[in-house]
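work.txt follows; it contains compact mmCIF, C-alpha atoms.
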# COMPACT_ATOMS: atom_id res chain seq x y z
CA MET A 1 85.01 72.90 78.57
CA ASP A 2 85.17 76.14 76.62
CA ASN A 3 87.50 75.66 73.64
CA GLN A 4 89.13 79.07 74.18
CA VAL A 5 90.01 78.16 77.77
CA LYS A 6 91.52 74.86 76.64
CA GLN A 7 93.55 76.47 73.84
CA ALA A 8 94.93 79.12 76.20
CA TYR A 9 95.89 76.38 78.65
CA GLU A 10 97.72 74.35 76.01
CA ALA A 11 99.70 77.40 74.92
CA ALA A 12 100.60 78.28 78.52
CA LYS A 13 101.47 74.66 79.24
CA LEU A 14 104.18 74.75 76.54
CA LEU A 15 105.71 77.92 78.01
CA TYR A 16 105.95 76.44 81.49
CA ALA A 17 107.26 73.15 80.13
CA GLN A 18 110.33 74.99 78.81
CA HIS A 19 111.30 75.44 82.47
CA GLY A 20 110.53 71.87 83.47
CA ILE A 21 107.15 72.70 84.99
CA ASP A 22 104.44 70.10 84.26
CA THR A 23 101.17 72.02 84.61
CA ASP A 24 99.05 68.85 84.59
CA GLU A 25 101.03 67.58 87.57
CA VAL A 26 100.75 70.95 89.29
CA LEU A 27 96.96 70.90 89.01
CA GLU A 28 96.82 67.38 90.44
CA LYS A 29 98.78 68.57 93.48
CA LEU A 30 96.65 71.70 93.79
CA ALA A 31 93.48 69.60 93.89
CA GLU A 32 94.80 67.78 96.97
CA ILE A 33 95.09 70.97 99.04
CA LYS A 34 92.24 71.59 101.46
CA VAL A 35 91.56 75.13 102.65
CA SER A 36 89.63 75.39 105.92
CA VAL A 37 86.86 77.92 105.26
CA HIS A 38 85.69 79.70 108.42
CA CYS A 39 81.96 79.53 109.06
CA TRP A 40 81.84 82.82 110.99
CA GLN A 41 82.07 85.02 107.88
CA GLY A 42 78.50 83.96 107.09
CA ASP A 43 76.81 85.35 110.20
CA ASP A 44 79.22 87.96 111.63
CA VAL A 45 80.54 85.65 114.39
CA LYS A 46 77.19 85.41 116.20
CA GLY A 47 76.73 81.65 116.26
CA PHE A 48 73.57 79.93 117.46
CA LEU A 49 73.98 79.62 121.21
CA ASN A 50 73.47 83.29 122.08
CA GLN A 51 72.66 85.22 118.92
CA ASP A 52 71.34 88.24 120.80
CA GLY A 53 74.49 88.60 122.87
CA GLU A 54 77.19 91.18 122.26
CA LEU A 55 80.27 90.19 120.30
CA THR A 56 83.22 90.49 122.69
CA GLY A 57 86.82 89.34 122.95
CA GLY A 58 88.42 92.26 121.15
CA ILE A 59 86.55 91.41 117.94
CA SER A 60 84.45 93.76 115.85
CA VAL A 61 82.42 93.14 112.69
CA THR A 62 81.31 96.22 110.77
CA GLY A 63 78.71 96.64 108.04
CA GLN A 64 74.98 96.08 107.57
CA TYR A 65 74.84 94.13 104.32
CA PRO A 66 71.57 92.17 104.20
CA GLY A 67 71.30 88.39 104.22
CA ALA A 68 73.36 87.16 107.15
CA ALA A 69 72.59 83.57 108.11
CA THR A 70 70.45 83.26 111.23
CA THR A 71 70.12 79.45 111.46
CA PRO A 72 72.49 76.52 110.94
CA ALA A 73 70.50 75.48 107.86
CA GLU A 74 70.90 78.93 106.32
CA LEU A 75 74.61 78.96 107.08
CA ARG A 76 75.10 75.53 105.49
CA ALA A 77 73.14 76.62 102.43
CA ASP A 78 75.38 79.68 102.09
CA LEU A 79 78.48 77.55 102.44
CA GLU A 80 77.20 75.15 99.77
CA GLN A 81 76.69 78.10 97.44
CA ALA A 82 80.22 79.31 98.12
CA PHE A 83 81.78 75.88 97.61
CA SER A 84 79.96 75.52 94.28
CA LEU A 85 82.06 78.46 93.05
CA ILE A 86 85.39 77.38 94.56
CA PRO A 87 87.54 74.71 92.87
CA GLY A 88 88.51 71.63 94.89
CA LYS A 89 87.19 69.88 97.99
CA HIS A 90 87.88 71.64 101.28
CA LYS A 91 87.00 71.89 104.98
CA VAL A 92 84.73 74.04 107.13
CA ASN A 93 86.05 75.59 110.33
CA LEU A 94 83.42 75.70 113.10
CA HIS A 95 83.44 77.62 116.36
CA ALA A 96 81.79 76.00 119.37
CA ILE A 97 78.92 78.54 119.33
CA TYR A 98 77.70 77.03 116.03
CA THR A 99 75.74 74.21 117.62
CA ASP A 100 72.75 72.77 115.77
CA THR A 101 70.46 71.50 118.51
CA ASP A 102 67.15 72.31 120.16
CA GLU A 103 68.73 71.53 123.52
CA LYS A 104 69.88 74.41 125.71
CA VAL A 105 73.50 73.71 126.48
CA GLU A 106 76.32 75.59 128.18
CA LEU A 107 79.78 75.81 126.62
CA ASP A 108 81.35 73.54 129.22
CA GLN A 109 78.72 70.86 128.50
CA ILE A 110 78.88 70.65 124.70
CA GLU A 111 79.10 67.18 123.16
CA PRO A 112 79.42 65.69 119.67
CA LYS A 113 75.64 65.21 119.52
CA HIS A 114 75.17 68.98 119.43
CA TYR A 115 77.04 69.08 116.10
CA GLU A 116 75.77 65.85 114.56
CA LYS A 117 73.88 67.67 111.80
CA TRP A 118 77.12 69.39 110.81
CA VAL A 119 78.86 66.02 110.63
CA GLN A 120 76.14 64.45 108.48
CA TRP A 121 76.14 67.48 106.20
CA ALA A 122 79.94 67.40 105.86
CA LYS A 123 79.78 63.69 104.97
CA ALA A 124 77.21 64.35 102.27
CA GLN A 125 79.24 67.25 100.88
CA GLY A 126 82.60 65.45 101.04
CA LEU A 127 84.03 68.08 103.38
CA GLY A 128 86.21 67.96 106.47
CA LEU A 129 85.57 69.90 109.69
CA ASP A 130 87.91 71.85 111.96
CA PHE A 131 86.92 73.20 115.37
CA ASN A 132 87.54 75.99 117.88
CA PRO A 133 86.43 76.50 121.48
CA THR A 134 84.63 79.85 121.76
CA CYS A 135 86.25 81.77 124.62
CA PHE A 136 84.43 85.05 124.03
CA SER A 137 80.92 86.56 123.83
CA HIS A 138 79.94 84.98 127.14
CA GLU A 139 79.13 86.32 130.61
CA LYS A 140 82.11 84.42 132.01
CA SER A 141 84.46 86.26 129.65
CA SER A 142 82.93 89.70 130.22
CA ASP A 143 85.92 91.02 132.18
CA GLY A 144 88.32 89.99 129.41
CA PHE A 145 89.76 86.84 130.98
CA THR A 146 89.09 83.11 130.44
CA LEU A 147 91.83 80.46 130.77
CA SER A 148 94.01 82.91 132.68
CA HIS A 149 91.21 84.19 134.93
CA PRO A 150 92.21 84.71 138.57
CA ASP A 151 88.94 83.10 139.74
CA PRO A 152 89.55 79.31 139.74
CA GLN A 153 85.86 78.55 139.17
CA ILE A 154 85.67 80.69 136.04
CA ARG A 155 88.97 79.28 134.89
CA LYS A 156 87.61 75.75 135.38
CA PHE A 157 84.57 76.59 133.24
CA TRP A 158 86.82 77.53 130.32
CA ILE A 159 89.12 74.56 130.87
CA ASP A 160 86.13 72.23 130.72
CA HIS A 161 84.89 73.99 127.59
CA CYS A 162 88.24 73.49 125.84
CA LYS A 163 88.37 69.85 126.95
CA ALA A 164 84.92 69.27 125.51
CA SER A 165 85.94 71.00 122.28
CA ARG A 166 88.91 68.68 121.81
CA ARG A 167 86.66 65.63 122.16
CA ILE A 168 84.29 67.07 119.59
CA GLY A 169 87.23 67.68 117.26
CA ALA A 170 88.32 64.06 117.66
CA TYR A 171 84.77 62.94 116.86
CA PHE A 172 84.79 65.04 113.69
CA GLY A 173 88.07 63.48 112.59
CA GLU A 174 86.92 59.95 113.32
CA GLN A 175 83.57 60.34 111.57
CA LEU A 176 84.84 62.17 108.50
CA GLY A 177 88.17 60.43 107.99
CA GLN A 178 89.92 63.81 107.86
CA THR A 179 92.01 65.05 110.76
CA CYS A 180 90.33 67.88 112.64
CA VAL A 181 92.49 70.76 113.84
CA THR A 182 91.12 72.11 117.13
CA ASN A 183 92.55 75.57 117.71
CA VAL A 184 92.58 77.28 121.10
CA TRP A 185 92.52 81.08 121.11
CA VAL A 186 91.64 83.23 124.12
CA PRO A 187 91.24 87.03 124.22
CA ASP A 188 92.68 87.47 127.72
CA GLY A 189 94.42 90.77 128.38
CA PHE A 190 94.40 94.25 129.88
CA LYS A 191 93.26 97.53 128.37
CA ASP A 192 96.00 99.44 130.21
CA ASN A 193 99.52 98.59 131.38
CA PRO A 194 99.56 95.74 133.93
CA VAL A 195 101.88 95.51 136.92
CA ASP A 196 102.16 91.72 136.78
CA ARG A 197 102.64 90.24 133.32
CA MET A 198 103.91 86.90 134.54
CA THR A 199 101.15 85.52 136.79
CA PRO A 200 98.36 85.52 134.15
CA ARG A 201 100.72 83.65 131.82
CA LYS A 202 101.47 81.10 134.52
CA ARG A 203 97.72 80.56 134.93
CA LEU A 204 97.28 80.22 131.17
CA LYS A 205 100.09 77.67 130.95
CA ASP A 206 98.61 75.62 133.79
CA SER A 207 95.16 75.76 132.19
CA LEU A 208 96.50 74.62 128.83
CA ASP A 209 98.36 71.76 130.48
CA GLU A 210 95.07 70.60 131.95
CA VAL A 211 93.18 71.11 128.67
CA PHE A 212 95.67 68.99 126.71
CA ALA A 213 96.20 66.34 129.40
CA GLU A 214 93.81 63.87 127.75
CA LYS A 215 95.59 62.02 124.95
CA LEU A 216 93.63 61.90 121.72
CA ASP A 217 94.44 60.05 118.51
CA PRO A 218 96.38 62.49 116.28
CA LYS A 219 94.79 60.85 113.26
CA HIS A 220 91.50 62.31 114.45
CA ASN A 221 92.49 65.52 116.25
CA LEU A 222 95.47 67.87 116.23
CA ASP A 223 95.72 70.64 118.80
CA ALA A 224 96.78 74.19 117.96
CA VAL A 225 97.33 77.37 119.96
CA GLU A 226 96.94 80.88 118.55
CA SER A 227 98.49 84.15 119.66
CA LYS A 228 97.30 87.71 119.25
CA LEU A 229 99.02 91.07 119.53
CA PHE A 230 96.09 93.04 120.93
CA GLY A 231 92.34 93.57 120.62
CA LEU A 232 89.63 95.99 121.61
CA GLY A 233 89.87 96.11 125.39
CA SER A 234 93.28 94.42 125.48
CA GLU A 235 95.36 97.09 123.78
CA ALA A 236 98.17 97.12 126.35
CA TYR A 237 98.74 93.46 127.10
CA VAL A 238 97.61 90.08 125.79
CA VAL A 239 98.35 87.04 127.93
CA GLY A 240 98.68 84.65 124.98
CA SER A 241 101.40 86.48 123.05
CA HIS A 242 103.31 85.02 120.12
CA GLU A 243 106.32 84.34 122.32
CA PHE A 244 104.16 82.59 124.91
CA TYR A 245 102.50 80.26 122.41
CA MET A 246 105.65 79.63 120.40
CA GLY A 247 107.34 78.45 123.57
CA TYR A 248 104.33 76.41 124.62
CA GLY A 249 103.86 74.82 121.21
CA LEU A 250 107.51 73.87 120.86
CA GLN A 251 107.69 72.44 124.37
CA ASN A 252 104.49 70.42 124.01
CA ASP A 253 104.57 69.50 120.30
CA THR A 254 101.38 71.45 119.68
CA LEU A 255 100.64 73.15 116.38
CA ILE A 256 101.39 76.87 116.50
CA CYS A 257 98.85 79.02 114.68
CA LEU A 258 100.16 82.02 112.77
CA ASP A 259 97.35 84.46 111.99
CA ALA A 260 98.32 87.08 109.40
CA GLY A 261 96.48 89.76 111.37
CA HIS A 262 97.89 89.07 114.82
CA PHE A 263 101.23 90.83 114.57
CA HIS A 264 102.67 94.33 114.35
CA PRO A 265 101.64 96.32 111.25
CA THR A 266 105.05 95.92 109.59
CA GLU A 267 105.45 92.28 110.63
CA VAL A 268 104.54 89.45 108.24
CA ILE A 269 104.02 85.75 108.84
CA SER A 270 105.58 84.64 105.54
CA ASN A 271 109.04 85.29 106.93
CA LYS A 272 108.31 83.21 110.03
CA LEU A 273 107.37 79.98 108.25
CA SER A 274 110.84 78.73 107.32
CA SER A 275 112.07 79.30 110.88
CA LEU A 276 109.14 77.74 112.67
CA ALA A 277 109.06 74.74 110.32
CA LEU A 278 112.56 73.73 111.41
CA PHE A 279 111.39 73.09 114.96
CA THR A 280 107.77 71.95 114.66
CA SER A 281 105.92 68.97 113.23
CA GLY A 282 103.32 71.26 111.65
CA ILE A 283 101.88 74.75 111.45
CA LEU A 284 98.36 76.16 111.38
CA LEU A 285 97.82 79.26 109.25
CA HIS A 286 94.97 81.73 109.51
CA VAL A 287 95.18 83.63 106.25
CA SER A 288 93.71 87.07 106.68
CA ARG A 289 94.39 90.67 105.63
CA PRO A 290 95.04 93.17 108.40
CA MET A 291 94.47 96.84 107.68
CA ARG A 292 95.61 99.45 110.25
CA TRP A 293 95.07 96.88 112.98
CA ASP A 294 93.76 93.32 113.31
CA SER A 295 90.70 94.08 111.21
CA ASP A 296 90.57 90.79 109.25
CA HIS A 297 89.66 92.02 105.78
CA VAL A 298 88.80 89.65 102.93
CA VAL A 299 91.93 88.05 101.50
CA ILE A 300 93.10 89.64 98.25
CA MET A 301 95.95 88.76 95.91
CA ASP A 302 98.46 91.02 97.61
CA ASP A 303 102.21 90.65 98.07
CA GLU A 304 101.97 88.97 101.49
CA LEU A 305 99.50 86.34 100.31
CA LEU A 306 101.85 85.49 97.44
CA GLU A 307 104.84 85.36 99.79
CA ILE A 308 102.98 83.00 102.15
CA ALA A 309 102.19 80.72 99.21
CA ARG A 310 105.76 80.84 97.93
CA GLU A 311 107.19 79.91 101.31
CA LEU A 312 104.85 76.93 101.56
CA VAL A 313 105.72 75.72 98.07
CA ARG A 314 109.44 76.50 97.93
CA HIS A 315 110.15 74.68 101.19
CA ASP A 316 107.70 71.82 100.65
CA LEU A 317 105.62 72.75 103.70
CA LEU A 318 102.15 72.08 102.32
CA SER A 319 102.01 68.52 103.67
CA THR A 320 102.57 69.74 107.25
CA THR A 321 100.75 73.09 107.11
CA HIS A 322 97.03 73.47 107.71
CA VAL A 323 95.74 76.42 105.71
CA GLY A 324 92.64 78.17 107.04
CA LEU A 325 90.96 81.52 106.49
CA ASP A 326 89.92 84.07 109.10
CA PHE A 327 88.15 87.27 108.14
CA PHE A 328 84.72 88.78 108.66
CA ASP A 329 83.21 91.55 106.57
CA ALA A 330 79.56 92.57 106.88
CA SER A 331 79.88 95.43 104.40
CA ILE A 332 79.69 93.15 101.34
CA ASN A 333 77.85 90.00 100.29
CA ARG A 334 79.09 87.46 102.83
CA VAL A 335 79.03 84.50 100.43
CA ALA A 336 81.02 86.50 97.89
CA ALA A 337 83.57 87.26 100.62
CA TRP A 338 84.16 83.52 101.08
CA VAL A 339 84.51 83.01 97.35
CA VAL A 340 86.92 85.90 96.82
CA GLY A 341 89.11 84.96 99.78
CA THR A 342 89.23 81.23 99.10
CA ARG A 343 89.76 81.51 95.36
CA ASN A 344 92.58 83.98 95.97
CA THR A 345 94.27 81.68 98.47
CA ILE A 346 94.15 78.74 96.07
CA LYS A 347 95.22 80.94 93.16
CA ALA A 348 98.23 82.20 95.13
CA LEU A 349 99.30 78.61 95.82
CA LEU A 350 98.94 77.85 92.10
CA ARG A 351 101.11 80.82 91.18
CA ALA A 352 103.78 79.63 93.60
CA MET A 353 103.66 76.13 92.12
CA LEU A 354 104.17 77.57 88.65
CA GLU A 355 107.51 79.16 89.50
CA PRO A 356 110.86 77.54 88.50
CA VAL A 357 111.88 76.99 92.11
CA ASP A 358 114.76 74.62 91.38
CA ALA A 359 116.29 77.00 88.83
CA LEU A 360 115.93 79.95 91.18
CA LYS A 361 117.51 78.06 94.09
CA ALA A 362 120.37 76.91 91.86
CA ALA A 363 121.08 80.46 90.69
CA GLU A 364 121.06 81.70 94.27
CA LEU A 365 123.40 78.93 95.44
CA GLN A 366 125.83 79.81 92.63
CA GLY A 367 125.74 83.46 93.58
CA ASP A 368 124.09 84.39 90.27
CA TYR A 369 121.74 86.98 91.71
CA THR A 370 121.26 88.52 88.26
CA VAL A 371 119.52 85.40 86.97
CA ARG A 372 117.63 85.05 90.24
CA LEU A 373 116.21 88.56 89.93
CA ALA A 374 115.61 88.46 86.18
CA LEU A 375 113.85 85.09 86.18
CA THR A 376 111.72 85.99 89.19
CA GLU A 377 110.56 89.17 87.47
CA GLU A 378 109.88 87.54 84.10
CA PHE A 379 107.70 84.88 85.69
CA LYS A 380 105.45 87.55 87.15
CA SER A 381 103.98 88.02 83.68
CA TYR A 382 103.80 84.34 82.72
CA PRO A 383 100.23 83.24 81.85
CA PHE A 384 99.28 81.67 85.18
CA GLY A 385 95.74 82.99 84.58
CA ALA A 386 95.30 80.54 81.72
CA ILE A 387 96.26 77.67 84.03
CA TRP A 388 93.85 78.96 86.70
CA ASP A 389 90.99 79.27 84.20
CA TYR A 390 91.57 75.71 83.02
CA TYR A 391 91.66 74.44 86.62
CA CYS A 392 88.34 76.12 87.42
CA ALA A 393 86.75 74.64 84.29
CA GLN A 394 88.25 71.24 85.09
CA GLN A 395 86.79 71.40 88.61
CA GLY A 396 83.35 72.41 87.33
CA VAL A 397 83.24 75.94 88.79
CA PRO A 398 82.83 79.26 86.94
CA VAL A 399 85.81 80.65 85.08
CA ARG A 400 87.00 84.14 85.96
CA GLU A 401 84.30 86.61 87.03
CA LYS A 402 81.38 84.48 85.79
CA TRP A 403 80.75 83.42 89.38
CA ILE A 404 79.60 86.96 90.27
CA SER A 405 76.31 86.56 88.38
CA GLU A 406 75.59 83.36 90.31
CA ILE A 407 76.19 85.18 93.60
CA LYS A 408 73.84 87.98 92.52
CA THR A 409 71.14 85.47 91.64
CA TYR A 410 71.58 83.72 95.01
CA GLU A 411 71.43 87.07 96.76
CA GLU A 412 68.17 88.00 95.03
CA ASP A 413 66.52 84.59 95.45
CA VAL A 414 67.77 83.66 98.93
CA LEU A 415 69.68 86.27 100.92
CA LEU A 416 67.32 89.21 100.36
CA GLN A 417 64.29 87.04 101.18
CA ARG A 418 65.46 86.32 104.71
CA GLY A 419 63.35 87.93 107.37
CA LYS A 420 60.62 89.11 104.94
CA SER A 421 58.08 86.65 106.31
CA LEU A 422 58.62 88.10 109.78
CA VAL A 423 57.75 91.65 108.73

Rewrite the structure of this file - the entire thing - as structure tokens.
Amino acid sequence: MDNQVKQAYEAAKLLYAQHGIDTDEVLEKLAEIKVSVHCWQGDDVKGFLNQDGELTGGISVTGQYPGAATTPAELRADLEQAFSLIPGKHKVNLHAIYTDTDEKVELDQIEPKHYEKWVQWAKAQGLGLDFNPTCFSHEKSSDGFTLSHPDPQIRKFWIDHCKASRRIGAYFGEQLGQTCVTNVWVPDGFKDNPVDRMTPRKRLKDSLDEVFAEKLDPKHNLDAVESKLFGLGSEAYVVGSHEFYMGYGLQNDTLICLDAGHFHPTEVISNKLSSLALFTSGILLHVSRPMRWDSDHVVIMDDELLEIARELVRHDLLSTTHVGLDFFDASINRVAAWVVGTRNTIKALLRAMLEPVDALKAAELQGDYTVRLALTEEFKSYPFGAIWDYYCAQQGVPVREKWISEIKTYEEDVLLQRGKSLV
């Protein structure tokens, strides 16, 4: 380890110790946190079942940066490169369209064998896997409806797909010894104002009841449901609203997914965590960065990210909260996007852990809002960066911006070479 990094850490450690914060203990806790890194940043949400098909479901990926993964092997190589620059051991979040098989298979017929190479890779890398049914970019979702579709045959197709996805999630959890979170999100909705808002929601509820009817071992698989405010083509009405899924999750003890980009522009998910945690056994987070609308930009160290981290730490929610990422940007190096977003998420959690939470709560309880404000502000300039640098060095990943040169080398040697042999 660089001597300068170690000296800076020791000096910072003494400052934090004055407030009863043991930085060594903090880093041990930080190393236990697993962030679920979404595979779809690496290939612009195309997957490998129908790569030539149009991306639908109210989702849009913009940019033409070269080097997108076009095979499962390329995607895994890109993920390996990203993880080599991110401290800690984490998880990969797969969508159902990311099969790795020579067999032609429909979404309602997928099985664990179609993802076996992902499982073996995850074992070798020491990673966990999460999963999602893919209820978009398919001919049977072309009119904007899936689990709430009025046609019972189309609805059955998507029900069977979600059932199959849950079994695959349970297989992942069993094989890897890490619980898989299988998250159900559907894009269903209308572009313009509907007359009947209730009936599609009744159909969605009935479909979900059927999807979750099979009991699976919660050690292997946990189910989650995810809301959305609107999307392209569903600007006026989304069947699976926040209120719908909050009610469904609470009634059925299903994890409720809060995606940072799935709410009104002035609405934040950080303020929802302490309320939802009182009534649920766990929460799934999709950490993203909305801009103007649900545009899923790369996560940066902004105020909302810090507030999310603080809520998780201050209320001891990390043990029951599953932290995942969800963004897609094709305007920059896709591997770098993973690294920036994941390092920022971990760094925000570290910053929250380095705050004198007990002292702040005590001041607030005593009505000493002067101390609460003053101490909060002073800690904003405490040397958390020295603790972060030490953690990166300790975990064997580049300190500060040194990782950028490794990304540039990988881009030159690997990403920019893709497709050249076909020209």

Which segment 187-227 of chain A residues have any atom within 8 Å of an atom of segment 164-182 of chain A, and for each, what is the nearest pair of atoms with distance in Å to one decimal, counting all atoms listed in the file, rows sorted by chain and number, as a Markdown table?
| residue | atom | partner | partner_atom | distance |
| --- | --- | --- | --- | --- |
| A:Leu216 | CA | A:Ala170 | CA | 7.0 |
| A:Asp217 | CA | A:Ala170 | CA | 7.4 |
| A:Pro218 | CA | A:Thr179 | CA | 7.5 |
| A:Lys219 | CA | A:Thr179 | CA | 5.6 |
| A:His220 | CA | A:Gly173 | CA | 4.1 |
| A:Asn221 | CA | A:Ala170 | CA | 4.6 |
| A:Leu222 | CA | A:Val181 | CA | 4.8 |
| A:Asp223 | CA | A:Thr182 | CA | 5.1 |
| A:Ala224 | CA | A:Thr182 | CA | 6.1 |

I'd like the neighbourhood of segment 117-126 of chain A as a ChimeraX atom specification, where a residue qualifies if any of its atoms comes within 10 Å (using only C-alpha atoms), though same-chain residues fewer than 2 positions away should be ignored.
/A:72-73,76,80,83,89-92,94,98-101,112-115,128-129,171-173,175-177

Dump of C-alpha atoms for the selected residues, as a compact mmCIF listing (two decimals), keeping the file's coordinate frame:
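And here is the file that came out, again11.txt:
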# COMPACT_ATOMS: atom_id res chain seq x y z
CA PRO A 72 72.49 76.52 110.94
CA ALA A 73 70.50 75.48 107.86
CA ARG A 76 75.10 75.53 105.49
CA GLU A 80 77.20 75.15 99.77
CA PHE A 83 81.78 75.88 97.61
CA LYS A 89 87.19 69.88 97.99
CA HIS A 90 87.88 71.64 101.28
CA LYS A 91 87.00 71.89 104.98
CA VAL A 92 84.73 74.04 107.13
CA LEU A 94 83.42 75.70 113.10
CA TYR A 98 77.70 77.03 116.03
CA THR A 99 75.74 74.21 117.62
CA ASP A 100 72.75 72.77 115.77
CA THR A 101 70.46 71.50 118.51
CA PRO A 112 79.42 65.69 119.67
CA LYS A 113 75.64 65.21 119.52
CA HIS A 114 75.17 68.98 119.43
CA TYR A 115 77.04 69.08 116.10
CA GLY A 128 86.21 67.96 106.47
CA LEU A 129 85.57 69.90 109.69
CA TYR A 171 84.77 62.94 116.86
CA PHE A 172 84.79 65.04 113.69
CA GLY A 173 88.07 63.48 112.59
CA GLN A 175 83.57 60.34 111.57
CA LEU A 176 84.84 62.17 108.50
CA GLY A 177 88.17 60.43 107.99

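If you measure from each of A:Ile346, A:Ala393, A:Glu411, A:Pro356 to Gly20 of chain A using only C-alpha atoms, the closest one turns out to be A:Pro356.
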
When you draw a straight line from atom CA of Lys191 of chain A to atom CA of His262 of chain A, how long is it in Å?
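Atom-to-atom, atom CA of Lys191 of chain A and atom CA of His262 of chain A are spaced 16.6 Å apart.
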
So, counting only C-alpha atoms, which residue among A:Ile256, A:Leu318, A:Ala77, A:Ile21 is closest to Phe384 of chain A?
A:Ile21

Kindly provide, as a short mmCIF file (atom, residue, chain, number, x, y, z; two decimals) with C-alpha atoms, keeping the file's coordinate frame, the polymer residues lying within 9 Å of (79.2, 85.6, 113.1), counting all atoms listed in the file and using the coordinates exactly as they appear in the file.
data_model
loop_
_atom_site.label_atom_id
_atom_site.label_comp_id
_atom_site.auth_asym_id
_atom_site.auth_seq_id
_atom_site.Cartn_x
_atom_site.Cartn_y
_atom_site.Cartn_z
CA CYS A 39 81.96 79.53 109.06
CA TRP A 40 81.84 82.82 110.99
CA GLN A 41 82.07 85.02 107.88
CA GLY A 42 78.50 83.96 107.09
CA ASP A 43 76.81 85.35 110.20
CA ASP A 44 79.22 87.96 111.63
CA VAL A 45 80.54 85.65 114.39
CA LYS A 46 77.19 85.41 116.20
CA GLY A 47 76.73 81.65 116.26
CA GLN A 51 72.66 85.22 118.92
CA LEU A 55 80.27 90.19 120.30
CA VAL A 61 82.42 93.14 112.69
CA ALA A 68 73.36 87.16 107.15
CA ALA A 69 72.59 83.57 108.11
CA PHE A 328 84.72 88.78 108.66
#

Could you rebuild segment 254-265 of chain A with N, CA, C and O atoms and give me the result as an mmCIF file, in the coordinates of the input?
data_model
loop_
_atom_site.group_PDB
_atom_site.id
_atom_site.type_symbol
_atom_site.label_atom_id
_atom_site.label_comp_id
_atom_site.auth_asym_id
_atom_site.auth_seq_id
_atom_site.Cartn_x
_atom_site.Cartn_y
_atom_site.Cartn_z
ATOM 1 N N THR A 254 102.709 71.000 120.077
ATOM 2 C CA THR A 254 101.380 71.450 119.680
ATOM 3 C C THR A 254 101.507 72.375 118.469
ATOM 4 O O THR A 254 102.458 73.156 118.396
ATOM 5 N N LEU A 255 100.589 72.272 117.534
ATOM 6 C CA LEU A 255 100.640 73.150 116.380
ATOM 7 C C LEU A 255 100.578 74.611 116.830
ATOM 8 O O LEU A 255 99.801 74.962 117.720
ATOM 9 N N ILE A 256 101.399 75.438 116.232
ATOM 10 C CA ILE A 256 101.390 76.870 116.500
ATOM 11 C C ILE A 256 100.661 77.563 115.362
ATOM 12 O O ILE A 256 101.018 77.391 114.198
ATOM 13 N N CYS A 257 99.638 78.316 115.694
ATOM 14 C CA CYS A 257 98.850 79.020 114.680
ATOM 15 C C CYS A 257 99.463 80.402 114.437
ATOM 16 O O CYS A 257 99.670 81.177 115.369
ATOM 17 N N LEU A 258 99.732 80.680 113.181
ATOM 18 C CA LEU A 258 100.160 82.020 112.770
ATOM 19 C C LEU A 258 98.994 82.670 112.032
ATOM 20 O O LEU A 258 98.607 82.209 110.956
ATOM 21 N N ASP A 259 98.435 83.707 112.621
ATOM 22 C CA ASP A 259 97.350 84.460 111.990
ATOM 23 C C ASP A 259 97.959 85.726 111.393
ATOM 24 O O ASP A 259 98.625 86.497 112.091
ATOM 25 N N ALA A 260 97.707 85.955 110.106
ATOM 26 C CA ALA A 260 98.320 87.080 109.400
ATOM 27 C C ALA A 260 97.987 88.423 110.035
ATOM 28 O O ALA A 260 98.721 89.400 109.850
ATOM 29 N N GLY A 261 96.896 88.500 110.789
ATOM 30 C CA GLY A 261 96.480 89.760 111.370
ATOM 31 C C GLY A 261 96.853 89.949 112.827
ATOM 32 O O GLY A 261 96.435 90.921 113.442
ATOM 33 N N HIS A 262 97.636 89.033 113.390
ATOM 34 C CA HIS A 262 97.890 89.070 114.820
ATOM 35 C C HIS A 262 99.301 89.526 115.181
ATOM 36 O O HIS A 262 99.852 89.130 116.215
ATOM 37 N N PHE A 263 99.869 90.350 114.321
ATOM 38 C CA PHE A 263 101.230 90.830 114.570
ATOM 39 C C PHE A 263 101.302 92.330 114.331
ATOM 40 O O PHE A 263 100.326 92.965 113.944
ATOM 41 N N HIS A 264 102.477 92.904 114.557
ATOM 42 C CA HIS A 264 102.670 94.330 114.350
ATOM 43 C C HIS A 264 102.403 94.692 112.892
ATOM 44 O O HIS A 264 102.571 93.850 111.993
ATOM 45 N N PRO A 265 102.011 95.928 112.620
ATOM 46 C CA PRO A 265 101.640 96.320 111.250
ATOM 47 C C PRO A 265 102.704 96.055 110.194
ATOM 48 O O PRO A 265 102.386 95.787 109.042
#
